[in-house]
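Visitor: One file is attached below, run_26.txt, containing compact mmCIF, C-alpha atoms and all ligand atoms.
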```txt
# COMPACT_ATOMS: atom_id res chain seq x y z
CA MET A 18 0.00 0.00 0.00
CA SER A 19 1.82 3.13 -1.10
CA SER A 20 0.07 6.15 0.42
CA GLU A 21 -2.14 7.10 3.37
CA LYS A 22 -4.86 8.06 0.93
CA GLU A 23 -4.84 4.54 -0.48
CA LYS A 24 -5.00 3.08 3.05
CA GLU A 25 -8.07 5.18 3.88
CA GLU A 26 -9.76 4.18 0.66
CA MET A 27 -9.01 0.54 1.40
CA CYS A 28 -10.80 0.76 4.80
CA ALA A 29 -13.89 2.32 3.23
CA TRP A 30 -13.79 -0.28 0.46
CA ILE A 31 -13.68 -3.15 2.98
CA THR A 32 -16.59 -1.88 5.10
CA PHE A 33 -18.76 -1.25 2.04
CA ASN A 34 -18.06 -4.71 0.64
CA LEU A 35 -18.82 -6.33 4.00
CA ALA A 36 -22.20 -4.61 4.04
CA VAL A 37 -22.99 -5.75 0.49
CA LYS A 38 -21.91 -9.28 1.37
CA GLN A 39 -24.22 -9.39 4.41
CA LEU A 40 -27.15 -7.94 2.51
CA MET A 41 -26.88 -9.91 -0.73
CA SER A 42 -23.96 -12.39 -0.53
CA PHE A 43 -21.95 -10.61 -3.20
CA ASP A 44 -18.17 -10.96 -3.14
CA PRO A 45 -16.12 -7.92 -4.17
CA GLY A 46 -15.87 -7.64 -7.93
CA GLU A 47 -16.71 -5.43 -10.86
CA TRP A 48 -20.39 -5.25 -9.93
CA THR A 49 -19.80 -4.22 -6.28
CA GLU A 50 -17.17 -1.70 -7.39
CA SER A 51 -19.50 0.09 -9.79
CA LEU A 52 -22.24 0.00 -7.11
CA ARG A 53 -19.81 1.53 -4.60
CA LYS A 54 -18.90 4.39 -6.96
CA GLU A 55 -22.56 5.31 -7.46
CA TYR A 56 -23.21 4.89 -3.72
CA LEU A 57 -20.47 7.41 -2.90
CA LEU A 58 -22.10 9.96 -5.22
CA LEU A 59 -25.40 9.28 -3.49
CA ILE A 60 -23.88 9.92 -0.05
CA GLU A 61 -22.28 13.17 -1.27
CA GLY A 62 -25.73 14.36 -2.28
CA PHE A 63 -27.06 13.89 1.24
CA PHE A 64 -24.99 16.82 2.39
CA SER A 65 -25.45 19.19 -0.50
CA VAL A 66 -27.62 22.13 -1.40
CA PRO A 67 -30.69 20.67 -3.13
CA LEU A 68 -30.17 22.26 -6.57
CA PRO A 69 -31.79 19.88 -9.05
CA PHE A 70 -29.28 20.45 -11.88
CA PHE A 71 -27.41 17.54 -13.44
CA PHE A 72 -24.01 19.17 -12.67
CA SER A 73 -24.73 19.84 -8.96
CA ALA A 74 -23.81 17.31 -6.23
CA TYR A 75 -27.53 16.94 -5.54
CA GLY A 76 -28.30 16.30 -9.23
CA ARG A 77 -25.49 13.71 -9.44
CA ALA A 78 -26.86 12.02 -6.29
CA ILE A 79 -30.39 11.76 -7.71
CA LYS A 80 -28.93 10.17 -10.85
CA ALA A 81 -26.75 7.83 -8.77
CA ARG A 82 -29.73 6.76 -6.64
CA LYS A 83 -31.59 5.77 -9.79
CA LYS A 84 -28.59 3.72 -10.98
CA VAL A 85 -28.11 1.98 -7.62
CA ALA A 86 -31.83 1.21 -7.41
CA GLU A 87 -31.78 -0.18 -10.96
CA ALA A 88 -28.80 -2.43 -10.19
CA LEU A 89 -30.49 -3.69 -7.01
CA ARG A 90 -33.80 -4.23 -8.82
CA LEU A 91 -32.08 -6.64 -11.26
CA ILE A 92 -30.56 -8.60 -8.38
CA VAL A 93 -33.83 -8.74 -6.43
CA GLY A 94 -35.69 -9.98 -9.54
CA LYS A 95 -33.04 -12.64 -10.25
CA ARG A 96 -33.03 -13.86 -6.66
CA ARG A 97 -36.84 -13.98 -6.55
CA ARG A 98 -36.89 -16.14 -9.68
CA GLU A 99 -34.20 -18.39 -8.22
CA SER A 100 -36.04 -18.86 -4.94
CA GLU A 101 -39.36 -19.49 -6.71
CA GLY A 102 -37.56 -22.02 -8.91
CA GLY A 103 -36.55 -23.91 -5.77
CA GLU A 104 -32.81 -23.11 -5.84
CA VAL A 105 -30.92 -23.41 -2.53
CA LYS A 106 -31.59 -20.27 -0.53
CA LYS A 107 -28.72 -18.02 0.47
CA LYS A 108 -28.58 -16.96 4.10
CA ASP A 109 -28.56 -13.20 3.83
CA MET A 110 -30.76 -10.16 4.39
CA LEU A 111 -32.19 -10.35 0.88
CA ALA A 112 -33.33 -13.95 1.47
CA ALA A 113 -35.15 -12.84 4.62
CA LEU A 114 -36.81 -9.97 2.75
CA LEU A 115 -37.88 -12.23 -0.11
CA GLU A 116 -39.51 -14.58 2.38
CA GLY A 117 -41.23 -11.46 3.67
CA GLY A 118 -43.79 -11.06 6.38
CA GLU A 119 -47.50 -11.35 5.92
CA GLY A 120 -48.34 -10.81 2.25
CA GLY A 121 -44.62 -10.45 1.41
CA PHE A 122 -42.76 -7.42 0.11
CA SER A 123 -42.79 -6.17 -3.47
CA ASP A 124 -39.48 -5.87 -5.38
CA GLU A 125 -39.74 -2.10 -5.12
CA GLU A 126 -40.15 -2.24 -1.33
CA ILE A 127 -37.15 -4.55 -1.04
CA VAL A 128 -34.97 -2.29 -3.20
CA ASP A 129 -35.95 0.70 -1.08
CA PHE A 130 -35.19 -1.21 2.10
CA LEU A 131 -31.76 -2.42 0.86
CA LEU A 132 -30.86 1.15 -0.08
CA ALA A 133 -31.97 2.45 3.32
CA LEU A 134 -29.92 -0.23 5.08
CA LEU A 135 -26.80 0.50 3.04
CA VAL A 136 -26.96 4.17 3.97
CA ALA A 137 -28.27 3.90 7.54
CA GLY A 138 -26.33 0.86 8.68
CA TYR A 139 -22.93 1.24 7.06
CA GLU A 140 -21.94 4.90 7.17
CA THR A 141 -23.06 5.52 10.78
CA THR A 142 -21.44 2.57 12.51
CA SER A 143 -18.09 2.82 10.71
CA THR A 144 -17.87 6.54 11.53
CA ILE A 145 -18.63 5.99 15.21
CA MET A 146 -15.97 3.23 15.37
CA THR A 147 -13.37 5.63 13.97
CA LEU A 148 -14.36 8.33 16.43
CA ALA A 149 -14.26 5.90 19.37
CA VAL A 150 -10.66 5.01 18.40
CA LYS A 151 -9.78 8.71 18.22
CA PHE A 152 -11.33 9.61 21.58
CA LEU A 153 -9.75 6.57 23.28
CA THR A 154 -6.32 7.37 21.86
CA GLU A 155 -6.61 10.87 23.27
CA THR A 156 -7.81 9.57 26.67
CA PRO A 157 -5.21 6.94 27.72
CA ALA A 158 -6.88 6.19 31.11
CA ALA A 159 -10.10 5.23 29.32
CA LEU A 160 -8.20 3.09 26.82
CA ALA A 161 -6.37 1.31 29.67
CA GLN A 162 -9.65 0.56 31.49
CA LEU A 163 -11.27 -0.66 28.29
CA MET A 164 -8.30 -2.90 27.55
CA GLU A 165 -8.49 -4.37 31.05
CA GLU A 166 -12.20 -5.15 30.65
CA HIS A 167 -11.59 -6.98 27.38
CA ASP A 168 -8.40 -8.74 28.48
CA GLN A 169 -10.42 -10.11 31.41
CA ILE A 170 -13.09 -11.45 29.08
CA ARG A 171 -10.42 -13.12 26.91
CA ALA A 172 -8.60 -14.54 29.94
CA ARG A 173 -11.87 -15.93 31.40
CA LYS A 174 -12.75 -17.57 28.10
CA GLU A 175 -9.30 -19.13 27.82
CA ARG A 176 -9.35 -20.30 31.46
CA ASN A 177 -12.77 -21.94 31.08
CA SER A 178 -12.00 -23.29 27.59
CA GLU A 179 -15.06 -21.44 26.34
CA GLU A 180 -15.81 -20.98 22.67
CA GLU A 181 -13.35 -18.47 21.21
CA SER A 182 -15.89 -16.27 19.48
CA LEU A 183 -17.76 -13.73 21.58
CA GLN A 184 -21.16 -14.83 22.91
CA TRP A 185 -24.15 -12.79 24.03
CA ASN A 186 -23.19 -13.14 27.73
CA ASP A 187 -19.69 -11.79 26.89
CA TYR A 188 -21.33 -8.77 25.26
CA LYS A 189 -23.43 -8.33 28.37
CA SER A 190 -20.33 -8.26 30.56
CA MET A 191 -18.80 -5.12 29.04
CA PRO A 192 -20.12 -2.32 31.27
CA PHE A 193 -17.25 0.09 30.66
CA THR A 194 -17.43 -0.52 26.90
CA GLN A 195 -21.06 0.62 27.01
CA CYS A 196 -19.95 3.80 28.79
CA VAL A 197 -17.35 4.38 26.04
CA ILE A 198 -19.98 3.87 23.33
CA ASN A 199 -22.49 6.18 25.04
CA GLU A 200 -19.88 8.88 25.48
CA THR A 201 -18.66 8.60 21.87
CA LEU A 202 -22.24 8.91 20.64
CA ARG A 203 -22.89 11.88 22.97
CA VAL A 204 -19.80 13.87 22.02
CA ALA A 205 -19.77 12.99 18.31
CA ASN A 206 -23.45 13.45 17.42
CA ILE A 207 -22.90 11.83 14.04
CA ILE A 208 -26.61 12.38 13.45
CA SER A 209 -27.03 15.86 14.81
CA GLY A 210 -30.83 15.75 14.98
CA VAL A 211 -34.03 14.80 13.21
CA PHE A 212 -36.85 16.59 11.45
CA ARG A 213 -40.44 16.17 12.56
CA ARG A 214 -43.63 17.70 11.22
CA ALA A 215 -46.23 19.00 13.69
CA MET A 216 -49.47 17.07 13.05
CA THR A 217 -51.43 19.53 15.13
CA ASP A 218 -50.72 22.89 16.84
CA VAL A 219 -48.19 22.15 19.58
CA ASN A 220 -47.60 24.43 22.57
CA ILE A 221 -44.18 24.21 24.18
CA LYS A 222 -43.09 26.58 26.95
CA GLY A 223 -45.31 29.41 25.71
CA TYR A 224 -44.41 28.96 22.02
CA THR A 225 -46.76 27.54 19.44
CA ILE A 226 -45.57 25.33 16.60
CA PRO A 227 -48.38 25.57 14.07
CA LYS A 228 -49.82 22.43 12.51
CA GLY A 229 -47.90 21.44 9.38
CA TRP A 230 -44.65 23.17 10.36
CA LYS A 231 -41.41 21.26 10.26
CA VAL A 232 -39.12 21.38 13.28
CA PHE A 233 -35.55 20.22 13.71
CA ALA A 234 -34.94 18.49 17.04
CA SER A 235 -31.23 19.06 17.66
CA PHE A 236 -29.58 16.20 19.58
CA ARG A 237 -26.27 18.04 19.53
CA ALA A 238 -27.74 21.06 21.35
CA VAL A 239 -28.93 18.78 24.18
CA HIS A 240 -25.93 16.43 24.31
CA LEU A 241 -23.47 19.31 24.54
CA ASP A 242 -25.53 21.40 26.99
CA GLU A 243 -23.57 22.18 30.17
CA ASN A 244 -26.84 22.14 32.14
CA HIS A 245 -27.21 18.46 31.41
CA TYR A 246 -23.61 17.27 31.11
CA LYS A 247 -20.78 18.81 33.16
CA ASP A 248 -17.80 19.73 30.94
CA ALA A 249 -20.01 18.69 28.08
CA ARG A 250 -17.32 18.90 25.41
CA THR A 251 -14.93 16.61 27.26
CA PHE A 252 -14.89 12.89 26.44
CA ASN A 253 -15.51 11.36 29.86
CA PRO A 254 -16.91 7.79 29.69
CA TRP A 255 -16.93 7.55 33.50
CA ARG A 256 -19.87 9.98 33.66
CA TRP A 257 -22.09 7.05 32.54
CA GLN A 258 -21.00 4.98 35.54
CA GLN A 259 -22.60 7.54 37.81
CA SER A 260 -25.77 7.92 35.79
CA ASN A 261 -28.75 5.73 36.60
CA THR A 262 -28.66 4.26 33.12
CA GLY A 263 -25.90 1.71 33.72
CA GLY A 264 -24.85 2.54 30.18
CA ALA A 265 -28.13 1.23 28.83
CA ALA A 266 -29.00 1.46 25.19
CA THR A 267 -31.26 4.45 24.96
CA ALA A 268 -30.67 5.90 28.44
CA THR A 269 -32.08 8.98 30.10
CA GLY A 270 -35.26 9.96 28.27
CA ASN A 271 -34.95 13.11 26.25
CA LEU A 272 -31.44 13.98 27.38
CA PHE A 273 -29.69 11.22 25.44
CA THR A 274 -31.14 10.39 22.04
CA PRO A 275 -28.34 9.50 19.59
CA PHE A 276 -30.67 6.95 17.99
CA GLY A 277 -33.68 9.26 17.85
CA GLY A 278 -36.89 8.38 19.61
CA GLY A 279 -40.57 7.54 19.43
CA PRO A 280 -42.01 5.34 16.68
CA ARG A 281 -39.09 6.17 14.35
CA LEU A 282 -36.40 5.15 16.87
CA CYS A 283 -33.44 3.69 14.96
CA PRO A 284 -34.20 -0.04 14.55
CA GLY A 285 -30.47 -0.74 14.31
CA TYR A 286 -29.53 0.71 17.70
CA GLU A 287 -28.75 -2.57 19.46
CA LEU A 288 -27.04 -4.01 16.37
CA ALA A 289 -24.85 -0.91 16.14
CA ARG A 290 -23.87 -1.23 19.82
CA VAL A 291 -23.03 -4.92 19.37
CA GLU A 292 -20.95 -4.21 16.26
CA ILE A 293 -18.98 -1.45 17.99
CA SER A 294 -18.44 -3.61 21.11
CA VAL A 295 -17.16 -6.56 19.06
CA PHE A 296 -14.92 -4.26 17.03
CA LEU A 297 -13.44 -2.66 20.18
CA HIS A 298 -12.96 -6.08 21.76
CA HIS A 299 -10.85 -7.40 18.88
CA LEU A 300 -9.01 -4.14 18.42
CA VAL A 301 -7.85 -3.71 22.01
CA THR A 302 -7.13 -7.38 22.77
CA ARG A 303 -5.07 -7.92 19.63
CA PHE A 304 -3.48 -4.60 18.76
CA SER A 305 -1.90 -1.47 20.09
CA TRP A 306 -1.66 1.57 17.83
CA ASP A 307 -0.42 5.10 17.29
CA PRO A 308 -1.98 7.82 15.18
CA ALA A 309 -0.30 7.82 11.77
CA ASP A 310 -1.11 11.44 11.07
CA GLU A 311 -2.52 14.59 12.62
CA ASP A 312 -6.27 14.62 12.15
CA LYS A 313 -9.15 16.68 13.39
CA LEU A 314 -12.87 16.51 13.88
CA VAL A 315 -15.13 18.42 11.54
CA PHE A 316 -18.81 18.95 12.23
CA PHE A 317 -20.12 20.04 8.83
CA PRO A 318 -21.93 18.66 6.97
CA THR A 319 -21.63 15.75 9.43
CA THR A 320 -19.30 14.84 12.28
CA ARG A 321 -16.28 12.94 10.99
CA THR A 322 -12.50 13.02 10.99
CA LEU A 323 -10.98 14.86 8.04
CA LYS A 324 -8.56 12.05 7.16
CA ARG A 325 -10.54 9.11 8.62
CA TYR A 326 -8.02 8.97 11.48
CA PRO A 327 -5.31 6.70 10.05
CA ILE A 328 -3.40 4.64 12.64
CA ASN A 329 -0.35 2.36 12.65
CA VAL A 330 -1.19 -0.89 14.42
CA GLN A 331 1.11 -3.40 16.11
CA ARG A 332 0.08 -6.87 17.19
CA ARG A 333 -0.11 -7.38 20.99
CA ARG A 334 1.21 -10.59 22.58
CA LYS A 335 -1.28 -13.37 23.35
CA ILE A 336 -3.27 -13.00 26.59
CA ALA A 337 -1.77 -16.13 28.21
CA ALA A 338 1.77 -14.85 27.62
CA ARG A 339 0.83 -11.42 29.00
CA THR A 340 -0.74 -12.93 32.13
CA GLU A 341 2.31 -15.15 32.79
CA GLU A 342 4.55 -12.12 32.40
CA LYS A 343 2.44 -10.21 34.96
CA ASP A 344 2.54 -13.13 37.43
CA GLU A 345 6.34 -13.35 37.20
CA LYS A 346 6.63 -9.71 38.17
C1 LIG A 401 -23.98 4.36 15.54
C2 LIG A 401 -24.85 3.91 14.68
C3 LIG A 401 -26.19 4.51 14.39
C4 LIG A 401 -26.73 5.72 14.74
C5 LIG A 401 -26.09 6.83 15.57
C6 LIG A 401 -28.06 5.78 14.18
C7 LIG A 401 -28.93 6.84 14.35
C8 LIG A 401 -30.19 6.91 13.78
C9 LIG A 401 -31.12 8.01 13.95
C10 LIG A 401 -30.87 9.26 14.77
C11 LIG A 401 -32.22 7.73 13.23
C12 LIG A 401 -33.49 8.60 13.11
C13 LIG A 401 -34.43 8.19 14.24
C14 LIG A 401 -35.62 9.12 14.40
O1 LIG A 401 -36.11 9.69 13.41
O2 LIG A 401 -36.10 9.27 15.55
C15 LIG A 401 -32.02 6.44 12.59
C16 LIG A 401 -32.93 5.82 11.76
C17 LIG A 401 -32.72 4.60 11.17
N1 LIG A 401 -31.64 3.76 11.35
FE1 LIG A 401 -30.02 4.13 12.50
N2 LIG A 401 -28.31 4.62 13.50
C18 LIG A 401 -27.20 3.80 13.60
C19 LIG A 401 -27.03 2.52 13.08
C20 LIG A 401 -27.97 1.87 12.33
C21 LIG A 401 -27.85 0.49 11.87
C22 LIG A 401 -26.66 -0.42 12.16
C23 LIG A 401 -28.97 0.22 11.14
C24 LIG A 401 -29.38 -1.03 10.42
C25 LIG A 401 -28.59 -2.01 10.08
C26 LIG A 401 -29.80 1.40 11.15
C27 LIG A 401 -30.99 1.53 10.50
C28 LIG A 401 -31.82 2.63 10.59
C29 LIG A 401 -33.08 2.75 9.85
C30 LIG A 401 -33.66 1.74 8.85
C31 LIG A 401 -33.64 3.99 10.22
C32 LIG A 401 -34.97 4.60 9.74
C33 LIG A 401 -36.05 4.28 10.75
C34 LIG A 401 -37.40 4.95 10.41
O3 LIG A 401 -37.39 5.98 9.74
O4 LIG A 401 -38.43 4.45 10.86
N3 LIG A 401 -29.17 2.37 11.90
N4 LIG A 401 -30.78 5.96 12.96
```
Can I see the file as structure tokens?
Ligand code: HEM

Guide:
Amino acid sequence: MSSEKEKEEMCAWITFNLAVKQLMSFDPGEWTESLRKEYLLLIEGFFSVPLPFFFSAYGRAIKARKKVAEALRLIVGKRRRESEGGEVKKKDMLAALLEGGEGGFSDEEIVDFLLALLVAGYETTSTIMTLAVKFLTETPAALAQLMEEHDQIRARKERNSEEESLQWNDYKSMPFTQCVINETLRVANIISGVFRRAMTDVNIKGYTIPKGWKVFASFRAVHLDENHYKDARTFNPWRWQQSNTGGAATATGNLFTPFGGGPRLCPGYELARVEISVFLHHLVTRFSWDPADEDKLVFFPTTRTLKRYPINVQRRRKIAARTEEKDEK
């Protein structure tokens, strides 16, 4: 790999291809590559001024969405024919959607759902993982505590000859990890808020929001409010140990809503937390790292690191060897 730029692109390429594989069992190839190129144009359009000209980012995104939808429509049609023809079913998201619920889903509904999942499930989680690594690197005490929690899980599994892969009860024994995830979500605000439309006149604290008006509920304004969180801009995962939430998924009512709320609450919130926990587990038990370059957070149009926070990783020694070393001392 010759340059940092290429390394960054490689990471994005891997995460995109993993998502496509889980959704539709496609291995990386020409088809996934052309889908990825159109997908990137689509994402660019999310954060652009909505000028509907073919040369604007918005115009290019509309065109790209059509192309991605068309490509997915062909796959959905082919897979439906295969499954109706009795071919062996693949075990992926598309198979589950084709089986459908009551009455089943139409091809158009499935295409729409696959597109929504690609955007909602891939971009968010990979960004929050990167930011967690950045915040932990800059807060060595938190990284040390996290490492201890995960080393203990690994050591326990080795001692009891338990299955090597992480199980649900392992995930449930990561209280500090949940604090790290909560705090990353709170400080980063990768989704800074949501729009809602008032269905009726709503009175709030002496103000009226007239029926039909759109409002933007800003999560960032609440999550970074000093009245709710002391030293609100400081990454402090320990604050969640004192809260009554125990680091729970959606936590304290309206004061912590990184996954939104109400009937539109993010359906992927627990999956995202599991993915981040598993990622952190493997990262801290197997590797140590140093930042490879100076990088900084930007908040517009979304929260992300300018250079995707490149790091140099080194393999750590195996847990058993580390424990023996500790005992000798
Ligand atoms: C750190 C990761 C994630 C964050 C911060 C996040 C955040 C959000 C937020 C704020 C919303 C809007 C909720 C509202 O309107 O009240 C949302 C919606 C949604 N999310 Fe997530 N999400 C994440 C991961 C995921 C994952 C992994 C999936 C699926 C695999 C997913 C699927 C969806 C879907 C389908 C919606 C639309 C729900 C609807 O409109 O009814 N998200 N997410």

Visitor: Write out as a PyMOL selection string each polymer residue (protein, DNA or RNA) that has an atom no more than 7 Å from ligand LIG 401 (chain A), with all atoms listed in the file counted.

Guide: chain A and resi 133-134+137-139+141-142+145+202+207-208+210-211+275-286+288-289

Visitor: Write out as a list in words which residues come within 9 Å of stretch 180-183 of chain A when counting all atoms listed in the file, dropping same-chain ones fewer than 6 positions away.

Guide: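 Contacts, with the query itself left out: Arg171, Lys174 and Val295 of chain A.
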
Visitor: May I ask for the distance between atom CA of A:Leu272 and atom CA of A:Asn206, given in Å to one decimal place?

Guide: 12.8 Å

Visitor: Per residue of stretch 172-196 of chain A within 9 Å of stretch 154-168 of chain A, which atom pair is closest and at what distance in Å (one decimal), using only C-alpha atoms, listed by chain and increasing number, as a tab-separated table?

Guide:
```
residue	atom	partner	partner_atom	distance
A:Ala172	CA	A:Asp168	CA	6.0
A:Arg173	CA	A:Asp168	CA	8.5
A:Ser190	CA	A:Glu166	CA	8.7
A:Met191	CA	A:Glu166	CA	6.8
A:Pro192	CA	A:Glu166	CA	8.4
A:Phe193	CA	A:Leu163	CA	6.5
A:Thr194	CA	A:Leu163	CA	6.3
```

Visitor: When you draw a straight line from atom CA of A:Ser143 to atom CA of A:Tyr326, how long is it in Å?

Guide: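 Atom-to-atom, atom CA of A:Ser143 and atom CA of A:Tyr326 are spaced 11.8 Å apart.
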
Visitor: I need the residue nearest A:Ile293 from this list: A:Gln39, A:Asn329, A:Asn199, A:Gln184. Use only C-alpha atoms for the distance.

Guide: A:Asn199

Visitor: Kindly give the distance, in Å, that separates atom CA of A:Val330 and atom CA of A:Ser305, rounded to a single decimal.

Guide: 5.7 Å

Visitor: Using all atoms listed in the file, which of A:Glu200, A:Ala78, A:Asp248, A:Tyr224 sits nearest A:Phe152?

Guide: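 Residue with the minimum atom-to-atom distance to A:Phe152: A:Glu200.
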
Visitor: List every protein, DNA or RNA residue with an atom no more than 7 Å from (-35.4, -16.2, -4.4) in the file's coordinates, counting only C-alpha atoms, and format the result as a list in words.

Guide: Arg96, Arg97, Arg98, Glu99, Ser100, Glu101, Lys106, Ala112 and Leu115 of chain A

Visitor: Quick one: of A:Val291, A:Met146, A:Met110, A:Val37, who's nearest to A:Trp185, counting all atoms listed in the file?

Guide: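 Ranked by minimum distance to A:Trp185, first place goes to A:Val291.
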
Visitor: Which of these residues is nearest to A:Leu89, using all atoms listed in the file: A:Phe72, A:Ala234, A:Trp48, A:Phe122?

Guide: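 Looking at the shortest contact to A:Leu89, the residue is A:Trp48.
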
Visitor: Would you please work out which residue, of A:Lys84, A:Arg303, A:Arg290, A:Lys108, is nearest to A:Lys189 when using all atoms listed in the file?

Guide: A:Arg290

Visitor: I'd like the contact shell of stretch 312-325 of chain A - 12 Å cut-off, all atoms listed in the file, skipping same-chain residues fewer than 2 positions apart - returned as a count of residues only.

Guide: 46

Visitor: Calculated over all atoms listed in the file, which of the candidates A:Ala238, A:Tyr188, A:Met216, A:Cys196 has the smallest distance to A:Arg256?

Guide: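 Of the candidates, the smallest distance to A:Arg256 is held by A:Cys196.
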